[in-house]
Amino acid sequence: MKNKVSILMTVYNAEKYLKQSIYSVINQTYKNWELIIVDDCSTDKSLSIIQRLKNKKFRIFPLKKKIGRTKALNFGLKKIKGNYVAILDADDISDKKRIETQINFFKKNNKDFLVGSWYKIIDKHGQFVKLVKTNTDINKIYEKMTVNNIFCHSSIMFRKKLLLKIGGYPKKLTYSQDYGFILKSMKIRVPKIIPKLLTISRRHDESMTYNNKLKKYINLDKIIVLIYIFKNFKFNLYSGMLWNLRFFKSLFEFFIIKLFIIFKV
């Protein structure tokens, strides 16, 4: 069948929220999909939850060795059979009309680009935190993306043809792989945002708590991404100033945290 969507989900110890995330796929109004789940050696009950909920549309890949999120995403991308790829993180939720809405958007816009949507942020209890209505003007999207990632990872969809042009997630990035991937897509065409609430992004303790060692690598990711932006994209005066502020802030934090680790201050 045409217009098959491969929904890619990577999982690591997501037992608290995984069931709700998977059901948001099962309940999609658009039915021509496959769910590719890459389990990166979870040590909780994630895999048993997946096995209990699976149906013929699921393709499950339990990894024998933990490889990290970036490699797990790229592993999953190699397994897709659809003409389109949608991303859904294991703790997030898709609106039941998400895939249908995005497919219809692609049908009206026959170009190779990445598309996201507005999204809602909830906490670990499912309580509302914030509604994010990103500006849909392509010039504003370009400007803001040269400074910060404005896309929710779980909202993005793209044609397989775009993937073949840009490759997978940047291998050098450990925590900002979604930002790096979207930036790579921008070299082909500026991504779009559908002005509809199609995704719920969950912020919880596990996603917000980092020790100093992790913070060091997060800031290193930021530096790598910002250098990539500097080499590949044009700035206006405002975004250029913000880029400089972000770059030197990340550089400063990286070395300060490194000193903390070395001297155990």
# chains A, B, ... in the order shown; residues from 1 in each chain; ligands from 1

$ residues_around --residues "Asp112 of chain A" --least-positions-apart "5" --cutoff "8 Å" --atoms "only C-alpha atoms" --output "list in words"
Phe158, Arg159, Lys161, Leu162, Ile188 and Arg189 of chain A

$ write_last_selection --atoms "N, CA and C atoms" --output "compact mmCIF listing (two decimals), in the first residue's frame"
# COMPACT_ATOMS: atom_id res chain seq x y z
N PHE A 158 8.80 12.81 8.25
CA PHE A 158 9.51 13.15 7.02
C PHE A 158 9.39 12.01 6.03
N ARG A 159 9.57 12.33 4.76
CA ARG A 159 9.56 11.29 3.73
C ARG A 159 10.85 10.48 3.79
N LYS A 161 12.47 9.65 1.31
CA LYS A 161 13.36 10.26 0.32
C LYS A 161 14.27 11.30 0.96
N LEU A 162 13.75 12.03 1.95
CA LEU A 162 14.58 13.01 2.66
C LEU A 162 15.66 12.30 3.45
N ILE A 188 18.46 20.77 3.00
CA ILE A 188 17.64 20.46 1.83
C ILE A 188 16.51 21.48 1.70
N ARG A 189 15.78 21.67 2.79
CA ARG A 189 14.65 22.62 2.77
C ARG A 189 14.25 22.96 4.21

$ residues_around --residues "segment 243-249 of chain A" --least-positions-apart "4" --cutoff "9 Å" --atoms "only C-alpha atoms" --output "PyMOL selection string"
chain A and resi 146-148+222-223+226-227+229-230+235+238-239+253-254

$ closest_residue --among "A:Ile200, A:Ala90, A:Ile150, A:Leu164" --to "Ile122 of chain A" --atoms "only C-alpha atoms"
A:Ile200

$ closest_residue --among "A:Asn236, A:Gln102, A:Asn110, A:Ser154" --to "Asn139 of chain A" --atoms "only C-alpha atoms"
A:Asn236

$ select_by_dssp --residues "segment 23-173 of chain A" --states "alpha helix (DSSP H)" --output "short mmCIF file (atom, residue, chain, number, x, y, z; two decimals) with C-alpha atoms, in the first residue's frame"
data_model
loop_
_atom_site.label_atom_id
_atom_site.label_comp_id
_atom_site.auth_asym_id
_atom_site.auth_seq_id
_atom_site.Cartn_x
_atom_site.Cartn_y
_atom_site.Cartn_z
CA TYR A 23 -1.78 3.09 22.75
CA SER A 24 -1.54 6.54 21.18
CA VAL A 25 -0.14 4.77 18.11
CA ILE A 26 -2.67 1.92 18.13
CA SER A 46 9.56 -2.14 29.25
CA LEU A 47 10.13 -5.15 27.01
CA SER A 48 7.42 -7.25 28.67
CA ILE A 49 4.95 -4.35 28.25
CA ILE A 50 5.84 -4.17 24.56
CA GLN A 51 5.40 -7.93 24.12
CA ARG A 52 2.03 -7.82 25.88
CA LEU A 53 0.69 -5.00 23.68
CA ARG A 69 19.90 6.65 21.84
CA THR A 70 21.60 8.03 18.73
CA LYS A 71 22.73 4.61 17.51
CA ALA A 72 19.37 3.08 18.47
CA LEU A 73 17.56 5.69 16.35
CA ASN A 74 19.86 5.05 13.39
CA PHE A 75 19.41 1.29 13.83
CA GLY A 76 15.64 1.78 13.68
CA LEU A 77 15.83 4.00 10.60
CA ARG A 98 -1.53 13.14 14.23
CA ILE A 99 -0.47 10.76 11.43
CA GLU A 100 -3.57 11.46 9.33
CA THR A 101 -3.02 15.22 9.62
CA GLN A 102 0.66 15.03 8.71
CA ILE A 103 0.06 12.70 5.76
CA ASN A 104 -2.58 15.08 4.39
CA PHE A 105 -0.11 17.94 4.80
CA PHE A 106 2.49 16.06 2.74
CA LYS A 107 -0.08 15.28 0.04
CA LYS A 108 -0.71 19.01 -0.38
CA ILE A 138 9.47 29.64 7.42
CA ASN A 139 11.74 32.67 7.84
CA LYS A 140 11.08 32.67 11.59
CA ILE A 141 11.65 28.91 11.76
CA TYR A 142 15.01 29.31 9.98
CA GLU A 143 16.03 32.20 12.23
CA LYS A 144 15.10 30.45 15.48
CA MET A 145 16.65 27.10 14.47
CA LYS A 160 11.94 8.39 3.33
CA LYS A 161 13.36 10.26 0.32
CA LEU A 162 14.58 13.01 2.66
CA LEU A 163 16.26 10.42 4.89
CA LEU A 164 18.12 9.00 1.89
CA LYS A 165 19.41 12.49 1.08
CA ILE A 166 20.62 13.50 4.54
#

$ residues_around --residues "Leu197 of chain A" --least-positions-apart "3" --cutoff "12 Å" --atoms "only C-alpha atoms" --output "list of chain:residue names"
A:Ile93, A:Ser94, A:Asp95, A:Lys96, A:Lys97, A:Arg98, A:Thr101, A:Gln102, A:Gly116, A:Ser117, A:Trp118, A:Tyr119, A:Lys120, A:Ile121, A:Lys130, A:Leu131, A:Val132, A:Lys133, A:Thr134, A:Cys152, A:Ser155, A:Ile193, A:Ile194, A:Ile200, A:Ser201

$ select_by_dssp --residues "segment 33-148 of chain A" --states "strand (DSSP E or B)" --output "PyMOL selection string"
chain A and resi 33-39+58-62+84-87+93-94+114-122+128-132

$ closest_residue --among "A:Lys64, A:Arg59, A:Lys234, A:Lys196" --to "Ile80 of chain A" --atoms "only C-alpha atoms"
A:Arg59

$ residues_around --residues "Tyr12 of chain A" --least-positions-apart "4" --cutoff "9 Å" --atoms "only C-alpha atoms" --output "PDB file with C-alpha atoms, in the first residue's frame"
ATOM      1  CA  VAL A  38      14.088  -0.553  19.361  1.00  0.00           C
ATOM      2  CA  ASP A  39      14.658  -1.563  22.987  1.00  0.00           C
ATOM      3  CA  ASP A  40      18.126  -0.482  24.095  1.00  0.00           C
ATOM      4  CA  CYS A  41      18.612  -3.142  26.790  1.00  0.00           C
ATOM      5  CA  SER A  42      15.978  -1.901  29.237  1.00  0.00           C
ATOM      6  CA  THR A  43      16.415  -3.245  32.774  1.00  0.00           C
ATOM      7  CA  ASP A  44      12.818  -2.594  33.847  1.00  0.00           C
ATOM      8  CA  SER A  46       9.556  -2.144  29.251  1.00  0.00           C
ATOM      9  CA  GLY A  68      22.726   4.636  23.302  1.00  0.00           C
ATOM     10  CA  ARG A  69      19.895   6.651  21.841  1.00  0.00           C
ATOM     11  CA  ALA A  90       8.623   6.305  24.530  1.00  0.00           C
TER      12      ALA A  90
END

$ atom_distance --atom1 "atom CA of Gly126 of chain A" --atom2 "atom CA of Asn13 of chain A"
18.2 Å

$ residues_around --residues "Leu114 of chain A" --least-positions-apart "5" --cutoff "8 Å" --atoms "only C-alpha atoms" --output "PyMOL selection string"
chain A and resi 156-159+162+182+185+190-192

$ write_last_selection --atoms "N, CA and C atoms" --output "short mmCIF file (atom, residue, chain, number, x, y, z; two decimals), in the first residue's frame"
data_model
loop_
_atom_site.label_atom_id
_atom_site.label_comp_id
_atom_site.auth_asym_id
_atom_site.auth_seq_id
_atom_site.Cartn_x
_atom_site.Cartn_y
_atom_site.Cartn_z
N ILE A 156 7.85 15.11 14.84
CA ILE A 156 8.37 15.21 13.48
C ILE A 156 8.02 14.01 12.60
N MET A 157 7.80 14.31 11.33
CA MET A 157 7.60 13.30 10.29
C MET A 157 8.33 13.77 9.03
N PHE A 158 8.80 12.81 8.25
CA PHE A 158 9.51 13.15 7.02
C PHE A 158 9.39 12.01 6.03
N ARG A 159 9.57 12.33 4.76
CA ARG A 159 9.56 11.29 3.73
C ARG A 159 10.85 10.48 3.79
N LEU A 162 13.75 12.03 1.95
CA LEU A 162 14.58 13.01 2.66
C LEU A 162 15.66 12.30 3.45
N ILE A 182 17.43 17.59 12.59
CA ILE A 182 16.57 18.61 11.97
C ILE A 182 17.42 19.64 11.22
N SER A 185 18.35 18.33 7.92
CA SER A 185 17.23 18.41 6.97
C SER A 185 17.09 19.82 6.40
N VAL A 190 13.84 24.20 4.43
CA VAL A 190 13.42 24.62 5.77
C VAL A 190 12.22 23.78 6.22
N PRO A 191 12.27 23.20 7.43
CA PRO A 191 11.15 22.38 7.90
C PRO A 191 9.91 23.21 8.16
N LYS A 192 8.77 22.52 8.23
CA LYS A 192 7.48 23.19 8.42
C LYS A 192 6.89 22.80 9.78
#

$ closest_residue --among "A:Leu220, A:Ile87, A:Lys31, A:Leu251" --to "Phe181 of chain A" --atoms "only C-alpha atoms"
A:Ile87

$ atom_distance --atom1 "atom CA of Lys124 of chain A" --atom2 "atom CA of Asp92 of chain A"
10.7 Å

$ atom_distance --atom1 "atom CA of Gly82 of chain A" --atom2 "atom CA of Lys2 of chain A"
8.4 Å
